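Asker: This one is query12.txt, compact mmCIF, C-alpha atoms.
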# COMPACT_ATOMS: atom_id res chain seq x y z
CA MET A 284 105.44 104.67 91.58
CA LYS A 285 105.08 101.00 92.45
CA ARG A 286 108.32 99.07 92.85
CA THR A 287 107.03 96.52 90.33
CA TYR A 288 107.23 99.00 87.47
CA LEU A 289 110.37 100.88 88.55
CA PRO A 290 112.76 98.91 86.27
CA LYS A 291 110.63 99.79 83.24
CA ALA A 292 110.82 103.48 84.07
CA ILE A 293 114.57 103.31 84.59
CA GLY A 294 115.00 101.52 81.28
CA LEU A 295 112.99 104.13 79.38
CA ILE A 296 114.97 106.97 80.94
CA LEU A 297 118.29 105.35 80.06
CA CYS A 298 117.09 104.77 76.51
CA LEU A 299 116.29 108.47 76.10
CA PHE A 300 119.69 109.48 77.43
CA SER A 301 121.43 107.07 75.08
CA TRP A 302 119.73 108.62 72.05
CA MET A 303 120.74 112.10 73.15
CA LEU A 304 124.37 111.39 74.03
CA TRP A 305 125.63 109.01 71.31
CA PRO A 306 125.76 109.00 67.50
CA SER A 307 122.94 107.12 65.81
CA ILE A 308 124.52 103.66 65.38
CA THR A 309 126.05 103.75 68.84
CA ALA A 310 122.76 104.93 70.28
CA PHE A 311 120.94 102.07 68.58
CA LEU A 312 123.32 99.46 69.97
CA ALA A 313 123.31 101.02 73.43
CA THR A 314 119.53 101.20 73.43
CA ALA A 315 119.22 97.58 72.33
CA LEU A 316 121.61 96.50 75.08
CA ILE A 317 119.71 98.49 77.70
CA ILE A 318 116.41 96.99 76.58
CA LEU A 319 117.85 93.47 76.85
CA VAL A 320 119.22 94.18 80.33
CA VAL A 321 115.92 95.63 81.51
CA LEU A 322 113.94 92.72 80.06
CA GLY A 323 116.30 90.28 81.73
CA ALA A 324 115.95 92.08 85.06
CA LEU A 325 112.17 91.87 84.72
CA CYS A 326 111.98 88.25 83.57
CA ILE A 327 114.50 86.46 85.80
CA PRO A 328 112.50 87.03 89.03
CA VAL A 329 109.40 85.56 87.36
CA PHE A 330 111.06 82.14 87.09
CA ASN A 331 113.10 82.21 90.32
CA PRO A 332 111.04 80.55 93.10
CA ARG A 333 113.22 82.24 95.74
CA SER A 334 112.93 85.77 94.40
CA SER A 335 111.01 88.44 96.32
CA PHE A 336 111.49 91.03 93.57
CA TYR A 337 107.79 91.30 92.70
CA ILE A 338 106.29 90.08 95.96
CA PRO A 339 107.71 88.84 99.27
CA THR A 340 108.17 85.09 98.84
CA PHE A 341 108.79 82.57 101.60
CA ALA A 342 111.35 80.16 100.16
CA LYS A 343 113.01 79.32 103.48
CA GLY A 344 112.45 79.65 107.19
CA ASN A 345 114.91 80.76 109.85
CA PRO A 346 118.20 78.91 109.15
CA ALA A 347 118.94 78.94 112.88
CA THR A 348 116.03 76.62 113.61
CA PRO A 349 116.71 72.86 113.48
CA GLN A 350 113.49 72.32 111.52
CA VAL A 351 112.51 71.82 107.88
CA ALA A 352 109.11 71.76 106.17
CA LEU A 353 107.88 69.12 103.77
CA THR A 354 105.46 70.21 101.04
CA PHE A 355 103.56 68.40 98.27
CA ASP A 356 102.09 69.89 95.09
CA ASP A 357 99.48 69.10 92.44
CA GLY A 358 97.16 66.73 94.31
CA PRO A 359 95.04 65.31 95.59
CA ASP A 360 95.52 62.11 93.65
CA PRO A 361 93.48 59.01 94.57
CA HIS A 362 96.36 56.64 93.82
CA TYR A 363 99.30 58.36 95.51
CA THR A 364 98.05 60.90 98.05
CA PRO A 365 96.64 58.20 100.39
CA ARG A 366 99.93 56.28 100.30
CA ILE A 367 101.91 59.41 101.07
CA LEU A 368 99.53 60.18 103.93
CA ASP A 369 100.08 56.67 105.29
CA GLN A 370 103.85 57.19 105.29
CA LEU A 371 103.60 60.58 106.98
CA GLN A 372 101.24 59.26 109.62
CA ALA A 373 103.58 56.39 110.41
CA GLU A 374 106.45 58.86 110.87
CA ASN A 375 104.34 61.41 112.78
CA ILE A 376 105.11 64.17 110.27
CA GLN A 377 102.82 67.06 109.38
CA ALA A 378 103.25 68.45 105.89
CA ALA A 379 101.70 71.08 103.60
CA PHE A 380 99.63 70.00 100.59
CA PHE A 381 99.22 72.62 97.87
CA VAL A 382 96.14 71.33 96.11
CA VAL A 383 94.57 72.04 92.72
CA GLY A 384 90.99 73.18 93.17
CA ALA A 385 89.57 71.18 90.27
CA ARG A 386 91.08 67.99 91.70
CA THR A 387 89.66 68.63 95.15
CA GLN A 388 86.19 68.67 93.58
CA ASP A 389 86.77 65.10 92.44
CA HIS A 390 88.32 63.95 95.74
CA PRO A 391 86.93 66.01 98.64
CA ASP A 392 87.34 63.08 101.04
CA LEU A 393 91.09 63.17 100.46
CA VAL A 394 91.17 66.86 101.39
CA ARG A 395 89.30 66.09 104.60
CA ARG A 396 91.69 63.27 105.37
CA ILE A 397 94.67 65.59 104.86
CA LEU A 398 93.24 67.95 107.46
CA GLU A 399 92.18 65.18 109.84
CA GLN A 400 95.75 63.89 109.94
CA GLY A 401 97.04 67.31 110.97
CA HIS A 402 98.42 68.58 107.69
CA VAL A 403 97.78 72.01 106.20
CA ILE A 404 96.15 72.84 102.86
CA GLY A 405 97.51 75.48 100.47
CA ASN A 406 96.26 77.10 97.27
CA HIS A 407 97.88 75.84 94.04
CA SER A 408 95.32 77.47 91.71
CA GLN A 409 92.01 76.09 90.49
CA THR A 410 93.14 74.53 87.20
CA HIS A 411 96.98 74.46 87.25
CA GLN A 412 97.14 75.45 83.58
CA PHE A 413 100.28 77.03 82.11
CA ASN A 414 98.24 79.93 80.69
CA PHE A 415 97.45 80.95 84.28
CA HIS A 416 100.58 83.11 84.06
CA PHE A 417 99.43 85.03 80.97
CA GLN A 418 95.98 86.08 82.14
CA SER A 419 94.66 89.50 83.05
CA LYS A 420 94.16 90.51 86.67
CA ALA A 421 90.42 89.95 86.26
CA MET A 422 90.96 86.37 85.08
CA ILE A 423 93.48 85.66 87.86
CA ARG A 424 90.98 86.96 90.42
CA LYS A 425 88.27 84.76 88.90
CA GLU A 426 90.48 81.65 89.14
CA LEU A 427 91.37 82.39 92.76
CA ASP A 428 87.73 83.12 93.59
CA THR A 429 86.79 79.73 92.14
CA PHE A 430 89.47 78.01 94.21
CA ASP A 431 88.27 79.77 97.36
CA ALA A 432 84.68 78.72 96.72
CA THR A 433 85.72 75.15 95.96
CA LEU A 434 87.79 74.74 99.13
CA ALA A 435 85.26 76.59 101.28
CA SER A 436 82.67 73.99 100.32
CA ILE A 437 85.00 71.30 101.67
CA ILE A 438 86.90 72.85 104.60
CA GLY A 439 84.80 75.93 105.36
CA GLN A 440 87.79 78.28 105.26
CA ARG A 441 89.94 80.25 102.85
CA CYS A 442 93.56 79.20 102.26
CA ARG A 443 96.18 81.90 102.76
CA LEU A 444 99.23 79.90 101.71
CA PHE A 445 99.67 80.18 97.93
CA ARG A 446 102.14 78.47 95.64
CA SER A 447 101.92 79.40 92.00
CA PRO A 448 101.90 76.69 89.31
CA GLN A 449 105.51 76.05 88.30
CA GLY A 450 106.48 78.60 90.94
CA PHE A 451 106.23 81.53 88.50
CA ARG A 452 105.27 84.98 89.84
CA THR A 453 104.41 87.64 87.26
CA PRO A 454 103.82 91.31 88.15
CA LEU A 455 100.07 90.95 87.57
CA LEU A 456 99.79 87.82 89.70
CA SER A 457 101.88 89.46 92.41
CA ASP A 458 99.54 92.45 92.52
CA VAL A 459 96.52 90.16 92.92
CA LEU A 460 98.18 88.10 95.66
CA ARG A 461 99.10 91.27 97.50
CA GLU A 462 95.60 92.72 97.34
CA ARG A 463 94.14 89.45 98.65
CA GLY A 464 96.63 89.12 101.47
CA LEU A 465 97.95 85.73 100.34
CA ALA A 466 101.34 84.47 101.52
CA CYS A 467 103.44 83.47 98.51
CA ILE A 468 105.37 80.25 99.13
CA GLY A 469 108.41 79.07 97.19
CA TRP A 470 110.92 76.39 98.10
CA SER A 471 114.60 75.96 98.86
CA GLY A 472 114.93 72.39 97.64
CA ARG A 473 112.99 70.22 95.21
CA GLY A 474 113.44 66.69 93.97
CA LEU A 475 112.18 67.28 90.42
CA ASP A 476 110.13 64.15 90.91
CA SER A 477 107.75 65.34 88.19
CA PHE A 478 110.43 64.22 85.72
CA ARG A 479 112.84 61.94 87.57
CA GLN A 480 112.06 58.31 88.31
CA ASP A 481 115.26 57.50 90.21
CA PRO A 482 114.81 57.87 94.01
CA LYS A 483 118.56 58.38 94.47
CA LEU A 484 118.58 61.38 92.13
CA ILE A 485 115.45 62.82 93.72
CA LEU A 486 116.98 62.47 97.18
CA LYS A 487 120.28 64.00 96.09
CA ALA A 488 118.49 67.07 94.72
CA LEU A 489 116.45 67.52 97.91
CA LEU A 490 119.50 67.26 100.14
CA LYS A 491 121.55 69.77 98.16
CA GLY A 492 121.98 72.80 100.40
CA LEU A 493 119.76 71.32 103.11
CA THR A 494 119.87 73.40 106.30
CA GLY A 495 117.54 74.41 109.08
CA GLY A 496 114.56 76.29 107.71
CA SER A 497 114.58 74.48 104.37
CA ILE A 498 111.28 74.10 102.51
CA LEU A 499 111.30 70.86 100.50
CA LEU A 500 109.06 70.20 97.50
CA LEU A 501 107.75 66.86 96.27
CA HIS A 502 104.62 65.94 94.29
CA ASP A 503 101.62 63.78 95.10
CA GLY A 504 99.71 64.76 91.95
CA GLY A 505 100.12 64.93 88.22
CA GLY A 506 101.26 68.43 87.31
CA LEU A 507 99.81 69.91 84.13
CA GLY A 508 98.35 66.62 82.96
CA SER A 509 96.42 63.85 84.64
CA ARG A 510 97.82 61.20 86.97
CA ILE A 511 101.43 60.24 86.31
CA GLU A 512 103.74 57.74 87.98
CA ARG A 513 104.73 58.73 91.53
CA SER A 514 106.30 55.45 92.69
CA ALA A 515 109.73 57.11 92.83
CA THR A 516 108.34 59.75 95.18
CA LEU A 517 106.97 57.05 97.46
CA GLU A 518 110.37 55.33 97.48
CA THR A 519 112.21 58.60 98.12
CA LEU A 520 110.10 59.74 101.06
CA PRO A 521 111.37 57.27 103.72
CA LEU A 522 114.95 57.84 102.53
CA LEU A 523 114.50 61.58 102.87
CA ILE A 524 112.94 61.33 106.33
CA ARG A 525 115.77 59.15 107.59
CA GLU A 526 118.48 61.41 106.13
CA VAL A 527 116.94 64.63 107.45
CA ARG A 528 116.67 63.21 110.95
CA SER A 529 120.19 61.81 110.83
CA ARG A 530 121.42 65.38 110.37
CA GLY A 531 119.77 66.46 113.61
CA LEU A 532 116.84 68.20 111.91
CA GLN A 533 113.14 67.78 112.64
CA PHE A 534 110.07 68.19 110.45
CA ALA A 535 107.74 71.09 111.19
CA ARG A 536 104.47 71.98 109.48
CA LEU A 537 105.05 74.79 106.98
CA ASP A 538 102.83 77.37 108.66
CA HIS A 539 104.50 76.65 111.99
CA LEU A 540 107.98 76.95 110.47
CA LEU A 541 107.10 80.34 108.96
CA ALA A 542 104.77 81.49 111.77
CA ILE A 543 101.98 82.25 109.27
CA GLU A 544 98.25 81.86 109.84
CA PRO A 545 97.19 79.35 107.13
CA TYR A 546 93.46 80.13 106.91
CA THR A 547 90.99 82.97 107.19
CA ASP A 548 87.25 83.30 106.95
CA ILE A 549 86.08 82.92 103.37
CA LYS A 550 84.63 86.45 103.41
CA ASP A 551 87.93 88.03 104.45
CA GLN A 552 89.74 89.03 101.27
CA ASN A 553 92.31 91.22 103.02
CA PRO A 554 93.47 89.43 106.18
CA ILE A 555 96.00 91.12 108.43
Written as structure tokens, how would this file's structure read?
Answerer:
Amino acid sequence: MKRTYLPKAIGLILCLFSWMLWPSITAFLATALIILVVLGALCIPVFNPRSSFYIPTFAKGNPATPQVALTFDDGPDPHYTPRILDQLQAENIQAAFFVVGARTQDHPDLVRRILEQGHVIGNHSQTHQFNFHFQSKAMIRKELDTFDATLASIIGQRCRLFRSPQGFRTPLLSDVLRERGLACIGWSGRGLDSFRQDPKLILKALLKGLTGGSILLLHDGGGLGSRIERSATLETLPLLIREVRSRGLQFARLDHLLAIEPYTDIKDQNPI
């Protein structure tokens, strides 16, 4: 039996025992409680970006290393991605950009520039829609196939680093990622710059719990909607770089921090 479905089986067995061992009203209450506990155990890992319950998830590198990785989601965006790239180039930092396939179709030159400046590209789904998490395996495969084809037309390779929209990992998505050999990437610190417009608050959130091996998340694109204001992110970035370095830490590219091969041939659906 797959580990993914083990909690369901345990819950059903406990429910049967409760009906057999207790009077009817007690059995009903016990069964209801067991169902709630099992549902909670199944749902919490879906929303926890650090959880490896359904699939191994890289939310942090080796804490003994004096390095951290900087990552950006939801781009490319023609207004903000170039400005972020300018800042990173000036500081000689290589980051990871988890791009949305549909947006790369509109801005392929930005994807090429990301690569030319030494950064790495990751898969952040083709459409970045919330209903991505409620699709069948067939529909998830179709979305990832479309992303692969889109990026292959630009970079000629298949991305192995995958970060799910909103960081959610359902059992069905986890099964598809596993069968395709994708490395699931979470984060250990995020600035919530999709909502916050105060650089001080964004910086404070990123620095909370900062240690060697940390994977930090910011945004260069517009999330579920179109372009939104990212000026606070641009203001936060130099503050973050200065603070990280003042603590004796260095920036490393995500795939180097985790020692993961970031790309494979587009035909290879099950890389080793």
Asker: What gap, in Å, lies between CA of Ile468 (chain A) and CA of Phe341 (chain A)?
Answerer: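 Separation between CA of Ile468 (chain A) and CA of Phe341 (chain A): 4.8 Å.
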Asker: Could you please determine the separation between CA of Ala488 (chain A) and CA of Arg473 (chain A) in Å, to one decimal place?
Answerer: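 Separation of CA of Ala488 (chain A) and CA of Arg473 (chain A): 6.4 Å.
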Asker: Which residue is closest to Leu501 (chain A)? Choose from A:Leu393, A:Ala379, A:Leu434, A:Ala535 and count only C-alpha atoms.
Answerer: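 The answer is A:Ala379, which sits nearest to Leu501 (chain A).
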Asker: Do you have the CA of Asn345 (chain A)-CA of Thr364 (chain A) distance handy?
Answerer: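 Calculated distance between CA of Asn345 (chain A) and CA of Thr364 (chain A) is 28.6 Å.
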Asker: Neighbouring residues of Leu486 (chain A) were defined as those with any atom within 8 Å, considering all atoms listed in the file; residues of the same chain fewer than 6 positions away were excluded. Please report them as a CSV table (one decimal) with C-alpha atoms, in the frame of the given file.
Answerer:
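Final output, result37.csv:
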chain,number,residue,atom,x,y,z
A,474,GLY,CA,113.4,66.7,94.0
A,519,THR,CA,112.2,58.6,98.1
A,522,LEU,CA,115.0,57.8,102.5
A,523,LEU,CA,114.5,61.6,102.9
Asker: For each of A:Gly401, A:Gly344, A:Gly469, A:Gly358, take the minimum atom-to-atom distance to Thr387 (chain A), counting all atoms listed in the file, then give the residue where this is smallest.
Answerer: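 The closest residue to Thr387 (chain A) is A:Gly358.
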Asker: Which residues are close to region 422-428 of chain A, i.e. within 8 Å by only C-alpha atoms, leaving aside same-chain residues fewer than 4 positions away? Reply as a list in words.
Answerer: Ser408, Gln409, Thr410, Phe415, Gln418, Ala432, Leu456 and Val459 of chain A
Asker: Could you check which of A:Ala421, A:Val403, A:Leu371, A:Ile338 is closest to His539 (chain A), using only C-alpha atoms?
Answerer: A:Val403
Asker: Using all atoms listed in the file, which residue out of A:Pro482, A:His416, A:Gly504, A:Glu526 lies closest to Ser457 (chain A)?
Answerer: A:His416
Asker: For region 369-483 of chain A in the structure I just supplied, write out C-alpha atoms - as a short mmCIF file (atom, residue, chain, number, x, y, z; two decimals), in the first residue's frame.
Answerer:
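decode_4.cif was written with the following content:
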data_model
loop_
_atom_site.label_atom_id
_atom_site.label_comp_id
_atom_site.auth_asym_id
_atom_site.auth_seq_id
_atom_site.Cartn_x
_atom_site.Cartn_y
_atom_site.Cartn_z
CA ASP A 369 19.86 44.32 -12.71
CA GLN A 370 20.14 44.27 -8.92
CA LEU A 371 21.29 40.66 -8.83
CA GLN A 372 23.87 41.26 -11.54
CA ALA A 373 25.27 44.24 -9.66
CA GLU A 374 25.64 42.09 -6.53
CA ASN A 375 26.96 39.04 -8.41
CA ILE A 376 24.17 36.81 -7.10
CA GLN A 377 22.67 33.84 -8.91
CA ALA A 378 19.06 33.06 -8.05
CA ALA A 379 16.30 30.65 -9.06
CA PHE A 380 13.29 31.92 -11.03
CA PHE A 381 10.19 29.72 -10.88
CA VAL A 382 8.36 30.88 -13.97
CA VAL A 383 4.78 30.52 -15.18
CA GLY A 384 4.73 28.89 -18.60
CA ALA A 385 2.02 31.13 -20.06
CA ARG A 386 4.02 34.22 -19.09
CA THR A 387 7.20 32.89 -20.67
CA GLN A 388 5.33 32.67 -23.97
CA ASP A 389 4.77 36.42 -23.79
CA HIS A 390 8.32 37.23 -22.66
CA PRO A 391 10.76 34.60 -23.98
CA ASP A 392 13.59 37.15 -24.13
CA LEU A 393 13.35 37.60 -20.37
CA VAL A 394 13.74 33.85 -19.87
CA ARG A 395 16.84 33.89 -22.05
CA ARG A 396 18.22 36.83 -20.12
CA ILE A 397 17.67 34.99 -16.83
CA LEU A 398 19.76 32.10 -18.13
CA GLU A 399 22.40 34.33 -19.71
CA GLN A 400 23.02 36.00 -16.37
CA GLY A 401 23.67 32.65 -14.71
CA HIS A 402 20.37 32.07 -12.94
CA VAL A 403 18.36 28.86 -13.00
CA ILE A 404 14.80 28.36 -14.25
CA GLY A 405 12.19 26.31 -12.38
CA ASN A 406 8.69 25.06 -13.16
CA HIS A 407 5.84 26.98 -11.50
CA SER A 408 3.07 25.43 -13.64
CA GLN A 409 1.76 26.57 -17.00
CA THR A 410 -1.15 28.74 -15.86
CA HIS A 411 -0.74 29.27 -12.07
CA GLN A 412 -4.48 28.88 -11.51
CA PHE A 413 -5.86 27.94 -8.09
CA ASN A 414 -7.87 25.07 -9.62
CA PHE A 415 -4.55 23.42 -10.52
CA HIS A 416 -4.78 21.71 -7.12
CA PHE A 417 -8.20 20.16 -7.78
CA GLN A 418 -7.52 18.53 -11.13
CA SER A 419 -7.24 14.88 -12.04
CA LYS A 420 -3.86 13.28 -12.67
CA ALA A 421 -4.53 13.44 -16.41
CA MET A 422 -5.14 17.19 -16.27
CA ILE A 423 -2.06 17.77 -14.08
CA ARG A 424 0.04 15.80 -16.56
CA LYS A 425 -1.39 17.86 -19.42
CA GLU A 426 -0.51 21.14 -17.67
CA LEU A 427 3.04 19.97 -16.96
CA ASP A 428 3.41 18.69 -20.53
CA THR A 429 2.38 22.12 -21.80
CA PHE A 430 4.91 23.81 -19.53
CA ASP A 431 7.66 21.45 -20.71
CA ALA A 432 6.85 22.15 -24.36
CA THR A 433 6.71 25.90 -23.75
CA LEU A 434 10.07 26.06 -21.99
CA ALA A 435 11.69 23.62 -24.40
CA SER A 436 10.88 26.00 -27.24
CA ILE A 437 12.81 28.71 -25.39
CA ILE A 438 15.65 26.97 -23.53
CA GLY A 439 15.77 23.57 -25.25
CA GLN A 440 15.61 21.65 -21.96
CA ARG A 441 13.16 20.34 -19.41
CA CYS A 442 13.05 21.90 -15.92
CA ARG A 443 13.41 19.49 -13.01
CA LEU A 444 12.94 21.99 -10.18
CA PHE A 445 9.22 22.34 -9.43
CA ARG A 446 7.44 24.68 -7.05
CA SER A 447 3.69 24.29 -6.88
CA PRO A 448 1.43 27.36 -7.07
CA GLN A 449 0.86 28.59 -3.50
CA GLY A 450 3.19 25.79 -2.40
CA PHE A 451 0.34 23.27 -2.08
CA ARG A 452 1.08 19.56 -2.66
CA THR A 453 -1.92 17.24 -2.97
CA PRO A 454 -1.62 13.44 -3.12
CA LEU A 455 -2.50 13.42 -6.84
CA LEU A 456 0.03 16.13 -7.69
CA SER A 457 2.66 14.36 -5.60
CA ASP A 458 2.12 11.13 -7.52
CA VAL A 459 2.56 12.95 -10.85
CA LEU A 460 5.71 14.75 -9.68
CA ARG A 461 7.16 11.47 -8.48
CA GLU A 462 6.47 9.64 -11.74
CA ARG A 463 8.09 12.48 -13.71
CA GLY A 464 11.15 12.67 -11.50
CA LEU A 465 10.65 16.32 -10.57
CA ALA A 466 12.30 17.79 -7.48
CA CYS A 467 9.67 19.49 -5.31
CA ILE A 468 10.92 22.79 -3.88
CA GLY A 469 9.46 24.60 -0.89
CA TRP A 470 10.97 27.40 1.16
CA SER A 471 12.12 28.15 4.69
CA GLY A 472 11.46 31.89 4.63
CA ARG A 473 9.19 34.15 2.60
CA GLY A 474 8.52 37.85 2.67
CA LEU A 475 4.81 37.66 1.76
CA ASP A 476 5.55 40.42 -0.72
CA SER A 477 2.49 39.37 -2.71
CA PHE A 478 0.46 41.18 -0.03
CA ARG A 479 2.83 43.42 1.91
CA GLN A 480 4.01 46.77 0.59
CA ASP A 481 6.29 47.66 3.51
CA PRO A 482 9.94 46.66 2.84
CA LYS A 483 10.66 46.55 6.58
#
